[in-house]
Amino acid sequence: MEAMEAVELRAALVRLRRGSGLPVVFGGLFRDGGPRLRIAELHGAVTPALRGLVISTGSGLGGKCLALGRPCAVTDYPAARHITHEYDVPVSAEGLRSVVAVPVVVRRRVRGVLYGALRNALPLGERVLDAAVAAARDVEQALAVRDEAARLVEPPAGTEPSWEEVRQAYGELRALAPRVVDPALRARLLAVCGRLETAAGVPAAAVADVRLTPRETDVLAAVASGATNAAAGRRLGLSPETVKGYLRSAMRKLGAHTRLEAVVSARRAGLLP
């Protein structure tokens with residue numbers, strides 16, 4: 001799983017660099033719930049000074065970001081007075097001045113930090129902050145999907161989720177899977193969805209009667225979890241009108257006249273757990 005996390009982190013940093021125009025971006029995640037975070041990915045660096053650097057909570061700009069759980073920035077790192085300066089040597093070696101740090105937070109727990117930096121002491125505008133926050137959200141979503149997949153594949157000993165919980169988890173996984181950058185993780189998530197469908201115990205003959213597209217299935221899964229068209233659209237990255245179109249198409253194939261009837265028919269056909 002660490003390799004998959006690295007892929008998602010790398011992709012998010014590439015998007016951050018493109019979206020913000022910052023010449024240097026880097027970041028790291030906590031590993032296996034441990035207390036230390038290492039800078040594992042760098043883009044635009046000209047020295048190895050930051051690679052592998054261990055960030056302690058509360059120390060430096062990144063450590064302050066980890067401690068507060070919110071974005072932090074400085075216009076001139078070496079002269080900044082509201083951070084500690086344990087990392088001045090590697091930061092100065094790379095020539096960084098203006099730096100922003102954004103936490104990666106999953107279920108209220110800080111899991112990592114993303115940085116963007118300039119080699120000039122200039123204010124970082126809203127565009128930069130928005131791009132950094134968006135990149136962090138991408139990583140958060142990927143980690144949340146990974147965590148949910150792991151939970152479904154290996155549930156805690158002695159626990160047995162209700163079918164409603166399974167259906168809700170299925171809907172969330174179907175909605176998140178298309179947004180996962182790493183193809184191996186995306187394939188595993190879809191395989192988990194397939195296992196949930198199989199667990200529903202519907203005869204294969206029933207499945208053959210109706211064929212839904214992946215997007216139609218995604219929309220129905222979102223609807224089955226109680227989402228409105230607008231909420232399903234936000235979850236799937238679609239407009240409410242596009243969601244409505246997929247829903248109408250699925251209802252027509254299933255011979256359903258209402259949203260609820262479509263969900264029930266899809267479950268009977270083995271298309272949803």
# chains A, B, ... in the order shown; residues from 1 in each chain; ligands from 1

$ residues_around --residues "Ala227 (chain A)" --least-positions-apart "3" --cutoff "12 Å" --atoms "only C-alpha atoms" --output "JSON list (two decimals) with all heavy atoms, in the first residue's frame"
[["chain", "number", "residue", "atom", "x", "y", "z"],
["A", 168, "GLN", "N", -23.94, 1.14, 1.81],
["A", 168, "GLN", "CA", -23.43, 2.51, 1.87],
["A", 168, "GLN", "C", -21.95, 2.54, 1.48],
["A", 168, "GLN", "O", -21.52, 3.42, 0.72],
["A", 168, "GLN", "CB", -23.62, 3.09, 3.27],
["A", 168, "GLN", "CG", -23.19, 4.55, 3.37],
["A", 168, "GLN", "CD", -23.49, 5.14, 4.74],
["A", 168, "GLN", "OE1", -24.05, 4.48, 5.59],
["A", 168, "GLN", "NE2", -23.13, 6.39, 4.93],
["A", 171, "GLY", "N", -21.61, 2.12, -2.25],
["A", 171, "GLY", "CA", -21.89, 3.34, -2.98],
["A", 171, "GLY", "C", -20.72, 4.32, -2.93],
["A", 171, "GLY", "O", -20.38, 4.95, -3.93],
["A", 172, "GLU", "N", -20.10, 4.44, -1.77],
["A", 172, "GLU", "CA", -18.97, 5.35, -1.63],
["A", 172, "GLU", "C", -17.78, 4.89, -2.46],
["A", 172, "GLU", "O", -17.10, 5.69, -3.12],
["A", 172, "GLU", "CB", -18.57, 5.46, -0.16],
["A", 172, "GLU", "CG", -19.63, 6.17, 0.70],
["A", 172, "GLU", "CD", -19.28, 6.17, 2.17],
["A", 172, "GLU", "OE1", -18.22, 5.61, 2.52],
["A", 172, "GLU", "OE2", -20.05, 6.72, 2.96],
["A", 175, "ALA", "N", -18.32, 5.48, -6.14],
["A", 175, "ALA", "CA", -18.21, 6.90, -6.46],
["A", 175, "ALA", "C", -16.76, 7.36, -6.47],
["A", 175, "ALA", "O", -16.37, 8.18, -7.30],
["A", 175, "ALA", "CB", -19.02, 7.72, -5.47],
["A", 218, "ASP", "N", -22.62, 3.86, -10.93],
["A", 218, "ASP", "CA", -22.13, 4.80, -9.93],
["A", 218, "ASP", "C", -23.26, 5.69, -9.42],
["A", 218, "ASP", "O", -23.39, 5.93, -8.21],
["A", 218, "ASP", "CB", -21.02, 5.69, -10.54],
["A", 218, "ASP", "CG", -19.77, 4.91, -10.88],
["A", 218, "ASP", "OD1", -19.59, 3.81, -10.33],
["A", 218, "ASP", "OD2", -18.96, 5.41, -11.68],
["A", 219, "VAL", "N", -24.08, 6.19, -10.34],
["A", 219, "VAL", "CA", -25.19, 7.07, -9.95],
["A", 219, "VAL", "C", -26.20, 6.32, -9.11],
["A", 219, "VAL", "O", -26.65, 6.82, -8.07],
["A", 219, "VAL", "CB", -25.85, 7.67, -11.21],
["A", 219, "VAL", "CG1", -27.18, 8.33, -10.85],
["A", 219, "VAL", "CG2", -24.92, 8.69, -11.86],
["A", 220, "LEU", "N", -26.55, 5.10, -9.50],
["A", 220, "LEU", "CA", -27.51, 4.32, -8.72],
["A", 220, "LEU", "C", -26.95, 4.00, -7.33],
["A", 220, "LEU", "O", -27.69, 4.02, -6.34],
["A", 220, "LEU", "CB", -27.85, 3.02, -9.44],
["A", 220, "LEU", "CG", -28.98, 3.08, -10.47],
["A", 220, "LEU", "CD1", -29.23, 1.71, -11.05],
["A", 220, "LEU", "CD2", -30.25, 3.64, -9.86],
["A", 221, "ALA", "N", -25.65, 3.71, -7.25],
["A", 221, "ALA", "CA", -25.05, 3.44, -5.95],
["A", 221, "ALA", "C", -25.12, 4.66, -5.05],
["A", 221, "ALA", "O", -25.37, 4.56, -3.85],
["A", 221, "ALA", "CB", -23.59, 2.99, -6.13],
["A", 222, "ALA", "N", -24.91, 5.84, -5.64],
["A", 222, "ALA", "CA", -25.00, 7.08, -4.85],
["A", 222, "ALA", "C", -26.43, 7.31, -4.39],
["A", 222, "ALA", "O", -26.69, 7.66, -3.24],
["A", 222, "ALA", "CB", -24.52, 8.26, -5.69],
["A", 223, "VAL", "N", -27.38, 7.08, -5.30],
["A", 223, "VAL", "CA", -28.80, 7.24, -4.95],
["A", 223, "VAL", "C", -29.19, 6.25, -3.85],
["A", 223, "VAL", "O", -29.92, 6.58, -2.92],
["A", 223, "VAL", "CB", -29.68, 7.04, -6.19],
["A", 223, "VAL", "CG1", -31.15, 6.94, -5.81],
["A", 223, "VAL", "CG2", -29.47, 8.18, -7.18],
["A", 224, "ALA", "N", -28.67, 5.03, -3.95],
["A", 224, "ALA", "CA", -28.99, 4.00, -2.95],
["A", 224, "ALA", "C", -28.49, 4.39, -1.57],
["A", 224, "ALA", "O", -29.05, 3.96, -0.55],
["A", 224, "ALA", "CB", -28.38, 2.66, -3.37],
["A", 230, "ALA", "N", -27.82, 16.44, -6.65],
["A", 230, "ALA", "CA", -26.72, 17.40, -6.44],
["A", 230, "ALA", "C", -25.59, 16.76, -5.64],
["A", 230, "ALA", "O", -24.41, 16.92, -5.97],
["A", 230, "ALA", "CB", -27.25, 18.64, -5.73],
["A", 231, "ALA", "N", -25.95, 16.03, -4.58],
["A", 231, "ALA", "CA", -24.93, 15.38, -3.75],
["A", 231, "ALA", "C", -24.20, 14.30, -4.54],
["A", 231, "ALA", "O", -22.98, 14.15, -4.45],
["A", 231, "ALA", "CB", -25.57, 14.78, -2.51],
["A", 232, "ALA", "N", -24.97, 13.53, -5.34],
["A", 232, "ALA", "CA", -24.33, 12.51, -6.18],
["A", 232, "ALA", "C", -23.39, 13.15, -7.18],
["A", 232, "ALA", "O", -22.31, 12.62, -7.46],
["A", 232, "ALA", "CB", -25.41, 11.70, -6.90],
["A", 233, "GLY", "N", -23.80, 14.31, -7.72],
["A", 233, "GLY", "CA", -22.93, 15.01, -8.67],
["A", 233, "GLY", "C", -21.63, 15.46, -8.04],
["A", 233, "GLY", "O", -20.56, 15.31, -8.63],
["A", 234, "ARG", "N", -21.73, 16.00, -6.82],
["A", 234, "ARG", "CA", -20.50, 16.43, -6.12],
["A", 234, "ARG", "C", -19.60, 15.24, -5.85],
["A", 234, "ARG", "O", -18.38, 15.31, -5.97],
["A", 234, "ARG", "CB", -20.85, 17.15, -4.82],
["A", 234, "ARG", "CG", -21.46, 18.53, -5.01],
["A", 234, "ARG", "CD", -21.52, 19.29, -3.70],
["A", 234, "ARG", "NE", -22.39, 18.66, -2.73],
["A", 234, "ARG", "CZ", -23.69, 18.91, -2.63],
["A", 234, "ARG", "NH1", -24.26, 19.78, -3.46],
["A", 234, "ARG", "NH2", -24.42, 18.31, -1.70],
["A", 235, "ARG", "N", -20.20, 14.12, -5.47],
["A", 235, "ARG", "CA", -19.43, 12.92, -5.16],
["A", 235, "ARG", "C", -18.74, 12.36, -6.39],
["A", 235, "ARG", "O", -17.61, 11.86, -6.33],
["A", 235, "ARG", "CB", -20.36, 11.87, -4.54],
["A", 235, "ARG", "CG", -19.66, 10.64, -4.01],
["A", 235, "ARG", "CD", -20.66, 9.62, -3.49],
["A", 235, "ARG", "NE", -21.46, 10.11, -2.37],
["A", 235, "ARG", "CZ", -22.42, 9.41, -1.79],
["A", 235, "ARG", "NH1", -22.72, 8.20, -2.22],
["A", 235, "ARG", "NH2", -23.09, 9.92, -0.77],
["A", 236, "LEU", "N", -19.43, 12.44, -7.53],
["A", 236, "LEU", "CA", -18.92, 11.81, -8.76],
["A", 236, "LEU", "C", -18.23, 12.79, -9.70],
["A", 236, "LEU", "O", -17.68, 12.38, -10.72],
["A", 236, "LEU", "CB", -20.08, 11.15, -9.51],
["A", 236, "LEU", "CG", -20.79, 10.01, -8.79],
["A", 236, "LEU", "CD1", -22.07, 9.65, -9.51],
["A", 236, "LEU", "CD2", -19.87, 8.80, -8.68],
["A", 240, "PRO", "N", -25.57, 18.10, -11.71],
["A", 240, "PRO", "CA", -26.85, 17.47, -11.36],
["A", 240, "PRO", "C", -27.63, 17.02, -12.59],
["A", 240, "PRO", "O", -28.30, 15.98, -12.56],
["A", 240, "PRO", "CB", -27.59, 18.57, -10.59],
["A", 240, "PRO", "CG", -26.50, 19.41, -10.01],
["A", 240, "PRO", "CD", -25.41, 19.41, -11.04],
["A", 243, "VAL", "N", -26.16, 13.78, -13.81],
["A", 243, "VAL", "CA", -26.60, 12.71, -12.92],
["A", 243, "VAL", "C", -28.03, 12.31, -13.26],
["A", 243, "VAL", "O", -28.36, 11.12, -13.34],
["A", 243, "VAL", "CB", -26.52, 13.17, -11.44],
["A", 243, "VAL", "CG1", -27.22, 12.17, -10.53],
["A", 243, "VAL", "CG2", -25.07, 13.33, -11.03],
["A", 259, "ARG", "N", -36.94, 6.63, -8.44],
["A", 259, "ARG", "CA", -35.57, 6.38, -8.01],
["A", 259, "ARG", "C", -35.49, 5.14, -7.13],
["A", 259, "ARG", "O", -34.62, 4.29, -7.30],
["A", 259, "ARG", "CB", -35.04, 7.60, -7.24],
["A", 259, "ARG", "CG", -34.92, 8.85, -8.04],
["A", 259, "ARG", "CD", -34.94, 10.10, -7.17],
["A", 259, "ARG", "NE", -33.86, 10.13, -6.21],
["A", 259, "ARG", "CZ", -32.67, 10.70, -6.45],
["A", 259, "ARG", "NH1", -32.44, 11.29, -7.62],
["A", 259, "ARG", "NH2", -31.73, 10.71, -5.53],
["A", 260, "LEU", "N", -36.43, 5.07, -6.18],
["A", 260, "LEU", "CA", -36.42, 3.95, -5.25],
["A", 260, "LEU", "C", -36.64, 2.64, -5.99],
["A", 260, "LEU", "O", -35.98, 1.64, -5.72],
["A", 260, "LEU", "CB", -37.50, 4.15, -4.18],
["A", 260, "LEU", "CG", -37.65, 3.01, -3.16],
["A", 260, "LEU", "CD1", -36.34, 2.78, -2.42],
["A", 260, "LEU", "CD2", -38.77, 3.33, -2.19]]

$ select_by_dssp --residues "region 93-156 of chain A" --states "alpha helix (DSSP H)" --output "PyMOL selection string"
chain A and resi 93-94+126-153

$ residues_around --residues "region 39-51 of chain A" --least-positions-apart "5" --cutoff "7 Å" --atoms "only C-alpha atoms" --output "MDAnalysis selection string"
chainID A and resid 10 23:28 90 93:94

$ residues_around --residues "Ala132 (chain A)" --least-positions-apart "2" --cutoff "12 Å" --atoms "only C-alpha atoms" --output "PyMOL selection string"
chain A and resi 12-22+25-27+70-73+99-104+113-117+124-130+134-139

$ residues_around --residues "region 253-256 of chain A" --least-positions-apart "4" --cutoff "7 Å" --atoms "only C-alpha atoms" --output "PyMOL selection string"
chain A and resi 210+249+261-262+265

$ write_last_selection --atoms "N, CA, C and O atoms" --output "PDB file, in the first residue's frame"
ATOM      1  N   VAL A 210     -30.009  -7.301 -17.514  1.00  0.00           N
ATOM      2  CA  VAL A 210     -29.843  -5.853 -17.611  1.00  0.00           C
ATOM      3  C   VAL A 210     -28.360  -5.519 -17.618  1.00  0.00           C
ATOM      4  O   VAL A 210     -27.591  -6.096 -16.853  1.00  0.00           O
ATOM      5  N   SER A 249     -31.593   7.068 -17.681  1.00  0.00           N
ATOM      6  CA  SER A 249     -31.190   5.952 -18.538  1.00  0.00           C
ATOM      7  C   SER A 249     -31.257   4.630 -17.780  1.00  0.00           C
ATOM      8  O   SER A 249     -31.760   3.618 -18.297  1.00  0.00           O
ATOM      9  N   GLU A 261     -37.568   2.664  -6.932  1.00  0.00           N
ATOM     10  CA  GLU A 261     -37.843   1.452  -7.704  1.00  0.00           C
ATOM     11  C   GLU A 261     -36.616   1.034  -8.503  1.00  0.00           C
ATOM     12  O   GLU A 261     -36.326  -0.159  -8.643  1.00  0.00           O
ATOM     13  N   ALA A 262     -35.883   2.011  -9.017  1.00  0.00           N
ATOM     14  CA  ALA A 262     -34.670   1.700  -9.777  1.00  0.00           C
ATOM     15  C   ALA A 262     -33.632   1.026  -8.888  1.00  0.00           C
ATOM     16  O   ALA A 262     -32.978   0.061  -9.299  1.00  0.00           O
ATOM     17  N   SER A 265     -34.818  -2.522  -8.116  1.00  0.00           N
ATOM     18  CA  SER A 265     -34.669  -3.378  -9.294  1.00  0.00           C
ATOM     19  C   SER A 265     -33.206  -3.709  -9.550  1.00  0.00           C
ATOM     20  O   SER A 265     -32.876  -4.837  -9.928  1.00  0.00           O
TER      21      SER A 265
END

$ closest_residue --among "A:Ala121, A:Leu247, A:Leu185, A:Leu143" --to "Gly95 (chain A)" --atoms "only C-alpha atoms"
A:Ala121

$ closest_residue --among "A:Val192, A:Ala187, A:Ile83, A:Ala250" --to "Lys64 (chain A)" --atoms "only C-alpha atoms"
A:Ile83

$ atom_distance --atom1 "CA of Val7 (chain A)" --atom2 "CA of Asp182 (chain A)"
6.4 Å

$ residues_around --residues "Ser98 (chain A)" --least-positions-apart "4" --cutoff "7 Å" --atoms "only C-alpha atoms" --output "MDAnalysis selection string"
chainID A and resid 74:77 117:122

$ write_last_selection --atoms "N, CA, C and O atoms" --output "PDB file, in the first residue's frame"
ATOM      1  N   VAL A  74       4.618  31.250   5.167  1.00  0.00           N
ATOM      2  CA  VAL A  74       5.541  32.328   5.528  1.00  0.00           C
ATOM      3  C   VAL A  74       6.025  32.988   4.247  1.00  0.00           C
ATOM      4  O   VAL A  74       6.165  32.329   3.215  1.00  0.00           O
ATOM      5  N   THR A  75       6.271  34.292   4.314  1.00  0.00           N
ATOM      6  CA  THR A  75       6.758  35.022   3.147  1.00  0.00           C
ATOM      7  C   THR A  75       8.275  34.962   3.045  1.00  0.00           C
ATOM      8  O   THR A  75       8.835  34.965   1.947  1.00  0.00           O
ATOM      9  N   ASP A  76       8.951  34.874   4.186  1.00  0.00           N
ATOM     10  CA  ASP A  76      10.415  34.788   4.194  1.00  0.00           C
ATOM     11  C   ASP A  76      10.823  33.801   5.285  1.00  0.00           C
ATOM     12  O   ASP A  76      10.927  34.168   6.457  1.00  0.00           O
ATOM     13  N   TYR A  77      11.015  32.533   4.900  1.00  0.00           N
ATOM     14  CA  TYR A  77      11.229  31.463   5.877  1.00  0.00           C
ATOM     15  C   TYR A  77      12.348  31.764   6.882  1.00  0.00           C
ATOM     16  O   TYR A  77      12.131  31.644   8.094  1.00  0.00           O
ATOM     17  N   ALA A 117       6.750  26.103  -2.660  1.00  0.00           N
ATOM     18  CA  ALA A 117       7.694  27.157  -2.272  1.00  0.00           C
ATOM     19  C   ALA A 117       8.221  27.951  -3.458  1.00  0.00           C
ATOM     20  O   ALA A 117       8.292  27.458  -4.591  1.00  0.00           O
ATOM     21  N   LEU A 118       8.597  29.214  -3.145  1.00  0.00           N
ATOM     22  CA  LEU A 118       9.293  30.104  -4.070  1.00  0.00           C
ATOM     23  C   LEU A 118      10.711  30.341  -3.553  1.00  0.00           C
ATOM     24  O   LEU A 118      10.966  30.229  -2.349  1.00  0.00           O
ATOM     25  N   ARG A 119      11.590  30.700  -4.450  1.00  0.00           N
ATOM     26  CA  ARG A 119      12.958  31.058  -4.042  1.00  0.00           C
ATOM     27  C   ARG A 119      13.100  32.572  -3.865  1.00  0.00           C
ATOM     28  O   ARG A 119      14.210  33.069  -3.722  1.00  0.00           O
ATOM     29  N   ASN A 120      11.971  33.260  -3.861  1.00  0.00           N
ATOM     30  CA  ASN A 120      11.940  34.693  -3.608  1.00  0.00           C
ATOM     31  C   ASN A 120      11.009  34.974  -2.433  1.00  0.00           C
ATOM     32  O   ASN A 120      10.053  34.226  -2.205  1.00  0.00           O
ATOM     33  N   ALA A 121      11.273  36.046  -1.719  1.00  0.00           N
ATOM     34  CA  ALA A 121      10.428  36.423  -0.584  1.00  0.00           C
ATOM     35  C   ALA A 121       9.250  37.251  -1.086  1.00  0.00           C
ATOM     36  O   ALA A 121       9.233  38.486  -0.994  1.00  0.00           O
ATOM     37  N   LEU A 122       8.247  36.564  -1.637  1.00  0.00           N
ATOM     38  CA  LEU A 122       7.070  37.219  -2.193  1.00  0.00           C
ATOM     39  C   LEU A 122       5.812  36.645  -1.557  1.00  0.00           C
ATOM     40  O   LEU A 122       5.769  35.468  -1.201  1.00  0.00           O
TER      41      LEU A 122
END

$ select_by_dssp --residues "region 14-47 of chain A" --states "strand (DSSP E or B)" --output "list in words"
Val24, Val25, Phe26, Gly27, Gly28, Leu29, Phe30, Leu37, Arg38, Glu41, Leu42 and His43 of chain A

$ atom_distance --atom1 "CA of Leu238 (chain A)" --atom2 "CA of Gln141 (chain A)"
16.6 Å

$ closest_residue --among "A:Pro78, A:Gly226, A:Gly270, A:Gly112" --to "Thr57 (chain A)" --atoms "only C-alpha atoms"
A:Gly112

$ closest_residue --among "A:Pro178, A:Met251, A:Gly60, A:Ala6" --to "Arg81 (chain A)" --atoms "only C-alpha atoms"
A:Gly60
